[in-house]
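Q: Before we start, here is the structure in question, set down as C-alpha cells.
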Amino acid sequence: MKKITILTVIIGIIFLAACSQQSTDSQALDNSVEGDNTSIEESSSQEVVHVKTEDTEGKKVNEFNLIAQVSEWNLSPENKITAWTYNGTVPGDEIRVKEGEVVKVNLTNELEEPVSIHWHGISVPNKQDGIPGVTQDAVVPGETYTYEFVANDPGTYWYHSHQNGVEQLDKGLYGTIIVESAEDENYDRDYTLMLDEWESGNHSEADASEMEDMEGMDMDEMDHDSMDMEGMDMNGTGQDPMMGHDMSSYDIYTINGKTYEENEPLSVKEGETVKLRFVNAGYMAHQIQIPVDYKVTHLDGQKVNNPQIVNGSLFEVAPGERVDVEFIADGSGDFTIDCHGEMEASQDMQLDVVYEDGNGKKTEHNSSPDLIDITKLGEKTESQFSLDDEYDVSYEMDLATEMNADAEMGMVWSINGETFPNVPPLEVNKGDKVKVTLTNNSMDQAYHPMHLHGHFFQVLSKNGEKLEGSPIIKDTLNVKYGETYEVAFVADNPGNWLFHCHDLHHASNGMVTTVNYNNFEEFYNDTGEVDNQPE
C-alpha cells in the first residue's frame, strides 16, 4: 500500500468537512438509473444467458508459462528493489500473438500470497477475466491455473494481477499483451513502453517527523471555516492530485521498469516507419512529449480515424490507458521521449531514440507544447452510437469522495454515494444498448480513470459537447475533476463485470461497481476457502 502522509490526510479531511455535496449525492441517487427501464422490467421473461463460448478449432494455439515469483530488480543505479514479477522481470514477458489466434497461459504461483491475471482491455469470456471472488478463486501458492481465449481484438493491451491489485501491481505484477493486426506488418520497428511509478522509501523519515509534529493537535479547536482553500494547489503535479493519499512518495518514474539512465536507447534507421505503444501501469496520469512529427493512431488499442500529424505536442496516458503513436524516421536527428510534470521524478521517465547511422544531431523540444484533446482527434466518420439514439438502459455514475473515520485514509471514494460492494449494480439484458454518464464530483479533485471490463465503449460527449473528431472507442477513460462524459456500449458479453477506477487506491477504498447481466447462469461460487480480494 502506498504510504500516507498524515498532514496531507488531515488537510483533505478538513477540506471535505468544510464542504458539502449532499444535494449532488441525493440527486445522483435519485437519478442513478433513468430512461427506459424495459431492460429490468422484462428480465424475468428472458431466456437464461450463458457465458460466451469461443471456437478454437483450427486456430493456432500460442502457449505461454508465467510464474509469479519474487525477484530482485534494479530500477536505477541507486535503487534495487524486491519485486513481485511474472517470470522474473518488470514488466513481465510480453505476450505477442496475431489477431484470431488462441492465447493459452499457464499461471504458476510461487509467491506466498494468492494471485490472478486480468487481461486488461481484451473482451475475453467472463470465465477468463481473472477477478478473484467474481469469476474465480485467486491462485493460491503452489498452484497452477490456466487461462485460454481467442485474441479477436487487435491492439495494445496489458495483463496484471487483480488480487489485492493496489499492492500487487505496486510490486510489479504486470506485463503487456499485443494482438497484431495485418496492418502491423507495415511497421519497421514496433516498441512497447510501459510507464510506472515507484517508492524509494526515502520518504519514511519525513513521514515519521510529520507524525510527531501532528501529535497533540486538537482538530476540534481548529477553525475550519477560516481556512482558505482557494490558495491550495489541488493539482500541483499536473498529474493525479491526491489529498487522500500522498503521491509524492512516488519518487521514481520508470519506462519498462527502468529509469532513464538504466534504459537502452531505441534504435531506428532513416526512412523507417516506427510504432510506439505506451501503456500506463501506474496510478498517475503522465503527459508525454515526442519532439517530431507523429500521429496518435490508436487509443486503448482501437483505431483513430484518419489521425492528423502533430509536431511536439503532449499526449496524456492515464492509469490503465494505452496510446499508440507512429512516426517516420526522417533522419533529422536523435531525440528524447520525455514526461512533463512538476515532480522531480518526471526526469526519470525519458528515453532516447537514436539513429543507427545518425549524424549526432539532437532534435530540440518545443518549450510550450499543446496537449492533444481526444475529443478533436482525427476525422469524423460513421459510428455505432450517437447522442440521439434510444437506449435500453441509461445510468448515471456520480464519482465522489465521502468522509469515513473508519477508513484507512480517513475517506472513501464512492459511486452514487455508496462504496463497493454496496454500490447497486448496473443491470442489463443481453443485447441492450447502454448509455452511462460519468461525472467527477470528488472534492479531493482526484482523477478517476474508469475501466469497464469485458466491453469497449464509445465516448459520446464531454461536458455536454459532442466529439468533433474521430469516434473514440475505449475501455478506460480518465474523468478529471468537474468533467462529465457520456459513453455507450452494447451488452454483448454475458457475465458479471467490474466497472471501477484504475487508481486502485480509489478502487480498493470503494470506487467499484459491477455490470450484471439479467438471467445469467452463474458458473462461479465463492466458497470462502480462498482470501479473494478483487481490488
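Labels used: A, B, ... for chains in the order of the C-alpha cells, numbers from 1 for residues in each chain, and numbers from 1 for ligands as shown.
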Can you check which parts of stretch 444-525 of chain A lie within 10 Å of stretch 167-175 of chain A? Per residue, the shortest pair of atoms and distance in Å to one decimal, counting only C-alpha atoms, sorted by chain and number, as CSV.

A:
```
residue,atom,partner,partner_atom,distance
A:Leu504,CA,A:Glu167,CA,8.8
A:His505,CA,A:Glu167,CA,9.3
A:Ser508,CA,A:Glu167,CA,9.9
```

Q: Take the selection from the previous step and output its residues with N, CA and C atoms, as a PDB file, in the first residue's frame.

A:
```
ATOM      1  N   LEU A 504      -6.032   2.355  -8.192  1.00  0.00           N
ATOM      2  CA  LEU A 504      -6.524   1.246  -7.365  1.00  0.00           C
ATOM      3  C   LEU A 504      -6.608   1.602  -5.892  1.00  0.00           C
ATOM      4  N   HIS A 505      -6.035   2.753  -5.484  1.00  0.00           N
ATOM      5  CA  HIS A 505      -6.313   3.255  -4.145  1.00  0.00           C
ATOM      6  C   HIS A 505      -7.797   3.577  -4.028  1.00  0.00           C
ATOM      7  N   SER A 508      -9.842   0.184  -4.234  1.00  0.00           N
ATOM      8  CA  SER A 508      -9.771  -0.617  -3.008  1.00  0.00           C
ATOM      9  C   SER A 508     -10.461   0.063  -1.836  1.00  0.00           C
TER      10      SER A 508
END
```

Q: Identify, on the basis of only C-alpha atoms, every residue whose closest approach to A:Met194 does not exceed 12 Å; exclude the query and any residue fewer than 4 positions from it along the same chain; express the result as number ranges by chain.

A: A: 90-92, 94, 156-159, 172, 174-177, 253-259, 276-282, 286, 317-324, 349-351

Q: May I have the residues within 12 Å of stretch 381-394 of chain A as a ChimeraX atom specification, using only C-alpha atoms and disregarding those fewer than 2 positions away in the same chain?

A: /A:31-42,303-307,377-379,396-397,426-438,456-462,464-473,485-491,515

Q: Of the candidates A:Tyr481, A:Tyr145, A:Tyr395, A:Tyr86, which shows the shortest atom-to-atom distance to A:Thr513, using only C-alpha atoms?

A: A:Tyr395

Q: So that I can see what lies close to A:Ala138, please list as JSON, numbers by chain the residues with an atom at most 7 Å from it, counting only C-alpha atoms and leaving out residues fewer than 3 positions away in the same chain.

A: {"A": [114, 115, 116, 132, 163, 530, 532]}
